[in-house]
$ cat data.tsv   # TSV, C-alpha atoms (C1' of nucleotides)
chain	number	residue	atom	x	y	z
A	1	MET	CA	-166.62	19.79	56.07
A	2	SER	CA	-169.01	22.40	54.73
A	3	VAL	CA	-168.05	25.53	52.86
A	4	LEU	CA	-169.43	27.57	55.71
A	5	ASN	CA	-167.13	25.88	58.17
A	6	THR	CA	-164.22	26.44	55.82
A	7	ASP	CA	-165.03	30.13	55.60
A	8	ARG	CA	-165.28	30.37	59.36
A	9	ARG	CA	-161.93	28.65	59.76
A	10	VAL	CA	-160.44	31.03	57.19
A	11	ALA	CA	-161.75	34.03	59.11
A	12	VAL	CA	-159.98	32.79	62.24
A	13	ILE	CA	-156.73	32.26	60.37
A	14	LYS	CA	-156.94	35.63	58.58
A	15	ALA	CA	-157.32	37.37	61.90
A	16	LEU	CA	-153.67	36.55	62.65
A	17	ALA	CA	-152.39	36.85	59.07
A	18	HIS	CA	-151.15	40.41	59.46
A	19	PRO	CA	-147.95	41.67	61.12
A	20	ALA	CA	-149.69	44.12	63.47
A	21	ARG	CA	-152.35	41.62	64.52
A	22	LEU	CA	-149.82	38.88	65.12
A	23	ARG	CA	-147.72	41.23	67.25
A	24	ILE	CA	-150.78	42.22	69.21
A	25	ALA	CA	-151.58	38.58	69.91
A	26	GLU	CA	-148.01	37.94	71.02
A	27	ALA	CA	-148.15	40.94	73.35
A	28	LEU	CA	-151.45	39.87	74.89
A	29	ALA	CA	-149.94	36.47	75.64
A	30	SER	CA	-148.11	38.15	78.51
A	31	GLY	CA	-151.15	39.97	79.89
A	32	GLU	CA	-153.93	42.47	79.26
A	33	ARG	CA	-153.28	45.67	77.37
A	34	CYS	CA	-155.41	48.69	76.51
A	35	VAL	CA	-155.67	50.02	72.96
A	36	THR	CA	-153.23	52.88	73.46
A	37	GLU	CA	-150.58	50.51	74.80
A	38	LEU	CA	-151.02	48.27	71.79
A	39	GLN	CA	-150.76	51.26	69.48
A	40	ALA	CA	-147.43	52.15	71.08
A	41	LEU	CA	-146.33	48.60	70.33
A	42	VAL	CA	-147.33	48.24	66.70
A	43	GLY	CA	-147.41	51.87	65.56
A	44	GLY	CA	-149.87	53.43	63.13
A	45	ASP	CA	-153.10	55.23	63.77
A	46	LEU	CA	-155.17	54.44	66.85
A	47	SER	CA	-158.20	53.81	64.65
A	48	THR	CA	-156.25	51.25	62.67
A	49	VAL	CA	-155.30	49.40	65.84
A	50	SER	CA	-158.90	49.54	67.01
A	51	LYS	CA	-160.08	47.98	63.78
A	52	HIS	CA	-157.50	45.22	64.03
A	53	LEU	CA	-158.78	44.46	67.52
A	54	THR	CA	-162.38	44.33	66.33
A	55	LEU	CA	-161.41	41.79	63.70
A	56	MET	CA	-159.54	39.68	66.24
A	57	ARG	CA	-162.47	39.85	68.63
A	58	GLU	CA	-164.93	38.72	65.96
A	59	ALA	CA	-162.63	35.83	65.14
A	60	GLY	CA	-162.56	34.85	68.81
A	61	TRP	CA	-158.88	35.39	69.52
A	62	VAL	CA	-159.38	38.24	72.00
A	63	ALA	CA	-161.99	39.56	74.39
A	64	CYS	CA	-162.31	42.98	75.92
A	65	GLU	CA	-163.75	44.66	78.96
A	66	LYS	CA	-164.26	48.30	79.68
A	67	HIS	CA	-162.55	49.82	82.73
A	68	GLY	CA	-163.37	53.51	82.95
A	69	GLN	CA	-162.00	55.23	79.92
A	70	HIS	CA	-159.84	52.27	79.04
A	71	VAL	CA	-160.73	49.11	77.20
A	72	HIS	CA	-158.68	46.15	78.35
A	73	TYR	CA	-158.01	43.52	75.70
A	74	ARG	CA	-156.86	40.02	76.56
A	75	LEU	CA	-156.48	36.67	74.83
A	76	ALA	CA	-159.76	34.77	74.80
A	77	CYS	CA	-158.14	31.48	73.95
A	78	ASP	CA	-155.26	29.60	75.52
A	79	CYS	CA	-154.22	27.87	72.32
A	80	LEU	CA	-152.13	30.71	70.91
A	81	ALA	CA	-148.89	29.17	72.09
A	82	THR	CA	-149.75	25.90	70.37
A	83	PHE	CA	-150.69	27.80	67.24
A	84	LEU	CA	-147.42	29.74	67.17
A	85	HIS	CA	-145.33	26.69	67.90
A	86	CYS	CA	-146.92	25.04	64.90
A	87	ILE	CA	-146.24	28.09	62.72
A	88	ASP	CA	-142.65	28.33	63.88
A	89	SER	CA	-141.95	24.75	62.92
A	90	LEU	CA	-142.52	26.01	59.36
A	91	ALA	CA	-141.24	29.57	59.71
A	92	GLY	CA	-137.81	28.68	61.05
A	93	ASP	CA	-134.89	29.78	58.93
A	94	ASP	CA	-133.33	26.36	59.29
A	95	SER	CA	-136.28	24.61	57.63
A	96	ASN	CA	-136.29	21.97	60.35
A	97	CYS	CA	-139.99	21.35	60.02
A	98	CYS	CA	-141.45	18.31	61.69
B	1	MET	CA	-138.88	38.48	68.06
B	2	SER	CA	-137.70	40.46	65.06
B	3	VAL	CA	-139.88	42.06	62.44
B	4	LEU	CA	-138.39	39.70	59.89
B	5	ASN	CA	-139.50	36.72	61.92
B	6	THR	CA	-142.92	38.23	62.28
B	7	ASP	CA	-143.19	38.64	58.53
B	8	ARG	CA	-142.07	35.08	57.97
B	9	ARG	CA	-144.67	33.84	60.44
B	10	VAL	CA	-147.32	35.93	58.69
B	11	ALA	CA	-146.38	34.41	55.33
B	12	VAL	CA	-146.91	30.93	56.76
B	13	ILE	CA	-150.28	31.89	58.22
B	14	LYS	CA	-151.42	33.68	55.04
B	15	ALA	CA	-150.68	30.56	53.05
B	16	LEU	CA	-153.68	28.89	54.72
B	17	ALA	CA	-155.84	32.01	55.00
B	18	HIS	CA	-157.84	31.32	51.84
B	19	PRO	CA	-160.74	28.89	51.32
B	20	ALA	CA	-159.20	27.08	48.36
B	21	ARG	CA	-155.80	26.72	50.03
B	22	LEU	CA	-157.29	25.51	53.28
B	23	ARG	CA	-159.34	22.90	51.41
B	24	ILE	CA	-156.26	21.79	49.55
B	25	ALA	CA	-154.38	21.34	52.81
B	26	GLU	CA	-157.28	19.36	54.28
B	27	ALA	CA	-157.36	17.12	51.21
B	28	LEU	CA	-153.63	16.48	51.31
B	29	ALA	CA	-153.96	15.38	54.92
B	30	SER	CA	-155.41	12.13	53.60
B	31	GLY	CA	-152.71	11.57	50.99
B	32	GLU	CA	-150.94	12.88	47.91
B	33	ARG	CA	-152.87	14.51	45.09
B	34	CYS	CA	-151.87	15.86	41.70
B	35	VAL	CA	-152.85	19.36	40.57
B	36	THR	CA	-155.76	18.23	38.40
B	37	GLU	CA	-157.28	16.28	41.28
B	38	LEU	CA	-157.02	19.32	43.52
B	39	GLN	CA	-158.61	21.47	40.84
B	40	ALA	CA	-161.58	19.06	40.74
B	41	LEU	CA	-161.84	19.54	44.49
B	42	VAL	CA	-161.69	23.32	44.79
B	43	GLY	CA	-162.87	24.42	41.32
B	44	GLY	CA	-161.59	27.38	39.35
B	45	ASP	CA	-158.88	27.56	36.76
B	46	LEU	CA	-155.99	25.13	36.80
B	47	SER	CA	-153.54	28.01	36.77
B	48	THR	CA	-155.17	29.45	39.87
B	49	VAL	CA	-154.78	26.15	41.70
B	50	SER	CA	-151.18	25.93	40.57
B	51	LYS	CA	-150.46	29.38	41.97
B	52	HIS	CA	-152.08	28.48	45.28
B	53	LEU	CA	-149.83	25.44	45.47
B	54	THR	CA	-146.72	27.50	44.73
B	55	LEU	CA	-147.61	29.82	47.60
B	56	MET	CA	-148.16	26.89	49.96
B	57	ARG	CA	-144.87	25.33	48.89
B	58	GLU	CA	-142.94	28.54	49.52
B	59	ALA	CA	-144.52	28.76	52.95
B	60	GLY	CA	-143.44	25.21	53.68
B	61	TRP	CA	-146.84	23.58	54.03
B	62	VAL	CA	-146.51	21.29	51.02
B	63	ALA	CA	-143.83	19.63	48.92
B	64	CYS	CA	-144.07	18.22	45.43
B	65	GLU	CA	-142.44	15.63	43.24
B	66	LYS	CA	-142.76	15.03	39.54
B	67	HIS	CA	-144.01	11.64	38.34
B	68	GLY	CA	-144.14	11.61	34.56
B	69	GLN	CA	-146.68	14.20	33.45
B	70	HIS	CA	-148.08	14.53	36.93
B	71	VAL	CA	-146.86	16.54	39.87
B	72	HIS	CA	-147.70	14.94	43.18
B	73	TYR	CA	-148.28	17.34	46.05
B	74	ARG	CA	-148.20	16.24	49.67
B	75	LEU	CA	-148.09	17.83	53.10
B	76	ALA	CA	-144.54	18.71	54.10
B	77	CYS	CA	-145.40	19.13	57.76
B	78	ASP	CA	-147.21	16.87	60.18
B	79	CYS	CA	-148.52	19.68	62.34
B	80	LEU	CA	-151.56	20.51	60.20
B	81	ALA	CA	-153.90	18.49	62.42
B	82	THR	CA	-152.68	20.36	65.48
B	83	PHE	CA	-153.07	23.66	63.66
B	84	LEU	CA	-156.64	22.88	62.58
B	85	HIS	CA	-157.62	21.63	66.00
B	86	CYS	CA	-156.44	24.94	67.40
B	87	ILE	CA	-158.42	26.87	64.77
B	88	ASP	CA	-161.55	24.82	65.36
B	89	SER	CA	-161.49	25.58	69.06
B	90	LEU	CA	-162.18	29.15	67.92
B	91	ALA	CA	-164.21	28.48	64.77
B	92	GLY	CA	-166.85	26.31	66.41
B	93	ASP	CA	-170.39	27.65	66.21
B	94	ASP	CA	-170.88	26.86	69.87
B	95	SER	CA	-168.06	29.16	70.99
B	96	ASN	CA	-166.65	26.50	73.26
B	97	CYS	CA	-163.16	27.82	72.95
B	98	CYS	CA	-160.48	26.39	75.21
C	1	DG	C1'	-171.21	72.07	82.58
C	2	DC	C1'	-166.94	71.89	80.13
C	3	DC	C1'	-162.74	69.94	78.53
C	4	DA	C1'	-159.46	66.27	77.63
C	5	DA	C1'	-158.36	61.38	77.12
C	6	DG	C1'	-159.55	56.90	75.23
C	7	DC	C1'	-161.72	54.55	71.90
C	8	DT	C1'	-164.89	53.45	67.81
C	9	DT	C1'	-166.98	54.22	63.31
C	10	DG	C1'	-167.42	55.97	58.55
C	11	DG	C1'	-165.20	57.43	54.46
C	12	DT	C1'	-161.73	57.52	50.98
C	13	DC	C1'	-157.66	56.26	48.61
C	14	DA	C1'	-153.55	53.24	47.87
C	15	DT	C1'	-151.91	48.64	47.88
C	16	DT	C1'	-152.43	43.81	47.75
C	17	DT	C1'	-154.63	39.71	46.45
C	18	DC	C1'	-157.33	36.96	43.40
C	19	DG	C1'	-158.95	34.68	39.19
C	20	DC	C1'	-159.11	34.15	34.50
C	21	DC	C1'	-156.91	34.07	29.91
C	22	DA	C1'	-153.14	33.31	26.91
C	23	DA	C1'	-148.78	31.43	26.07
C	24	DG	C1'	-145.01	28.33	27.06
C	25	DT	C1'	-142.65	23.86	28.73
C	26	DA	C1'	-142.42	18.91	29.48
C	27	DA	C1'	-143.89	14.11	29.09
C	28	DT	C1'	-146.67	10.57	26.76
C	29	DG	C1'	-148.73	8.14	23.08
C	30	DA	C1'	-150.27	7.50	18.28
D	1	DT	C1'	-143.22	14.06	14.55
D	2	DC	C1'	-147.54	15.56	15.81
D	3	DA	C1'	-151.21	15.86	19.09
D	4	DT	C1'	-152.70	15.61	23.72
D	5	DT	C1'	-152.39	15.93	28.64
D	6	DA	C1'	-150.44	18.10	32.76
D	7	DC	C1'	-148.69	21.89	34.64
D	8	DT	C1'	-146.38	26.69	35.19
D	9	DT	C1'	-145.76	31.57	34.27
D	10	DG	C1'	-146.95	36.31	32.87
D	11	DG	C1'	-150.33	39.71	32.47
D	12	DC	C1'	-154.40	42.22	33.33
D	13	DG	C1'	-158.80	43.74	35.37
D	14	DA	C1'	-161.71	43.09	39.53
D	15	DA	C1'	-162.26	42.62	44.32
D	16	DA	C1'	-160.61	42.70	49.01
D	17	DT	C1'	-157.65	44.68	52.46
D	18	DG	C1'	-155.24	48.21	54.92
D	19	DA	C1'	-154.10	52.99	56.63
D	20	DC	C1'	-155.09	57.52	57.48
D	21	DC	C1'	-158.29	61.40	58.45
D	22	DA	C1'	-162.39	63.24	60.39
D	23	DA	C1'	-166.21	62.94	63.31
D	24	DG	C1'	-168.69	61.01	67.16
D	25	DC	C1'	-169.38	58.70	71.73
D	26	DT	C1'	-168.20	57.84	76.62
D	27	DT	C1'	-165.74	58.52	80.88
D	28	DG	C1'	-163.39	61.16	84.35
D	29	DG	C1'	-161.44	65.43	86.26
D	30	DC	C1'	-161.92	70.32	87.06

$ encode --input "data.tsv" --output "structure tokens"
Amino acid sequence: MSVLNTDRRVAVIKALAHPARLRIAEALASGERCVTELQALVGGDLSTVSKHLTLMREAGWVACEKHGQHVHYRLACDCLATFLHCIDSLAGDDSNCC
Amino acid sequence: MSVLNTDRRVAVIKALAHPARLRIAEALASGERCVTELQALVGGDLSTVSKHLTLMREAGWVACEKHGQHVHYRLACDCLATFLHCIDSLAGDDSNCC
DNA sequence: GCCAAGCTTGGTCATTTCGCCAAGTAATGA
DNA sequence: TCATTACTTGGCGAAATGACCAAGCTTGGC
């Protein structure tokens, strides 16, 4: 495995390694949302949310499409549930991993 | 899902969101290694590697056991392969996600 | 055309993370 | 016991990340 591939993998992982971005991903699992809706969910400045979404898009987690004034974001990958299940097997308070 | 759970999930994800730590995890997938061996693999100072391992242990990814002078680190979770497969479906150069 | 809503981009500052060095502990062998 | 190897911990400066503000672009309604 090359260093480049490692760095690419790291970029994908980092894109979810932030509370706001993880919450955004969880929200999008139940359907499309526009930026303002996601801001209402995670709080903070709209520009901050927009930048989080750009990062997630570059990593490949989400895709977006413009509808009039609104930009609809959605999950671009159906493996989020698998990913989270894997994380939760480690994150559980009861340490019942694997 | 509470904020606390989100933060715990983020801590688990962050523990692999670094090139050296990801490489360490990949290496441990093929068997136990002591700290010096992992240092040879990822480079940098031994203390840096040790701190990476502490972080990964607190997140639950690895466990360790002392054998004489050596400390053997191993994966504490068998879901790493699943995790990486999920990441690679996004990290591939060919964008063939999902 | 003009204004407001929705979003993105650039800039700056505060916070976090990272990596090395130095110092300390523990086990082994001479 | 003294030196060496293996590892951990604390500390500090450097680099990366995150959050807000301000400014700009685009779309839609009046």

$ atom_distance --input "data.tsv" --atom1 "atom C1' of DC3 of chain C" --atom2 "atom CA of His70 of chain A"
17.9 Å

$ closest_residue --input "data.tsv" --among "B:Ala81, B:Ala17, B:Ala29, B:Cys86" --to "chain C" --atoms "only C-alpha atoms (C1' of nucleotides)"
B:Ala17

$ closest_residue --input "data.tsv" --among "C:DT28, C:DC13, C:DA23, C:DC7" --to "chain A" --atoms "all atoms listed in the file"
C:DC7

$ residues_around --input "data.tsv" --residues "segment 51-55 of chain A" --least-positions-apart "6" --cutoff "8 Å" --atoms "only C-alpha atoms (C1' of nucleotides)" --output "number ranges by chain"
A: 15, 20-21, 62

$ interface_residues --input "data.tsv" --of "chain C" --to "chain B" --cutoff "8 Å" --atoms "all atoms listed in the file" --output "VMD selection string"
chain C and resid 19 to 20 26 to 28

$ atom_distance --input "data.tsv" --atom1 "atom CA of Ile24 of chain B" --atom2 "atom CA of Glu65 of chain B"
16.4 Å

$ axis_aligned_box --input "data.tsv" --around "segment 10-23 of chain A" --padding-each-side "3 Å" --output "AutoDock Vina command-line options"
--center_x -154.7 --center_y 37.6 --center_z 62.2 --size_x 20.0 --size_y 19.1 --size_z 16.1
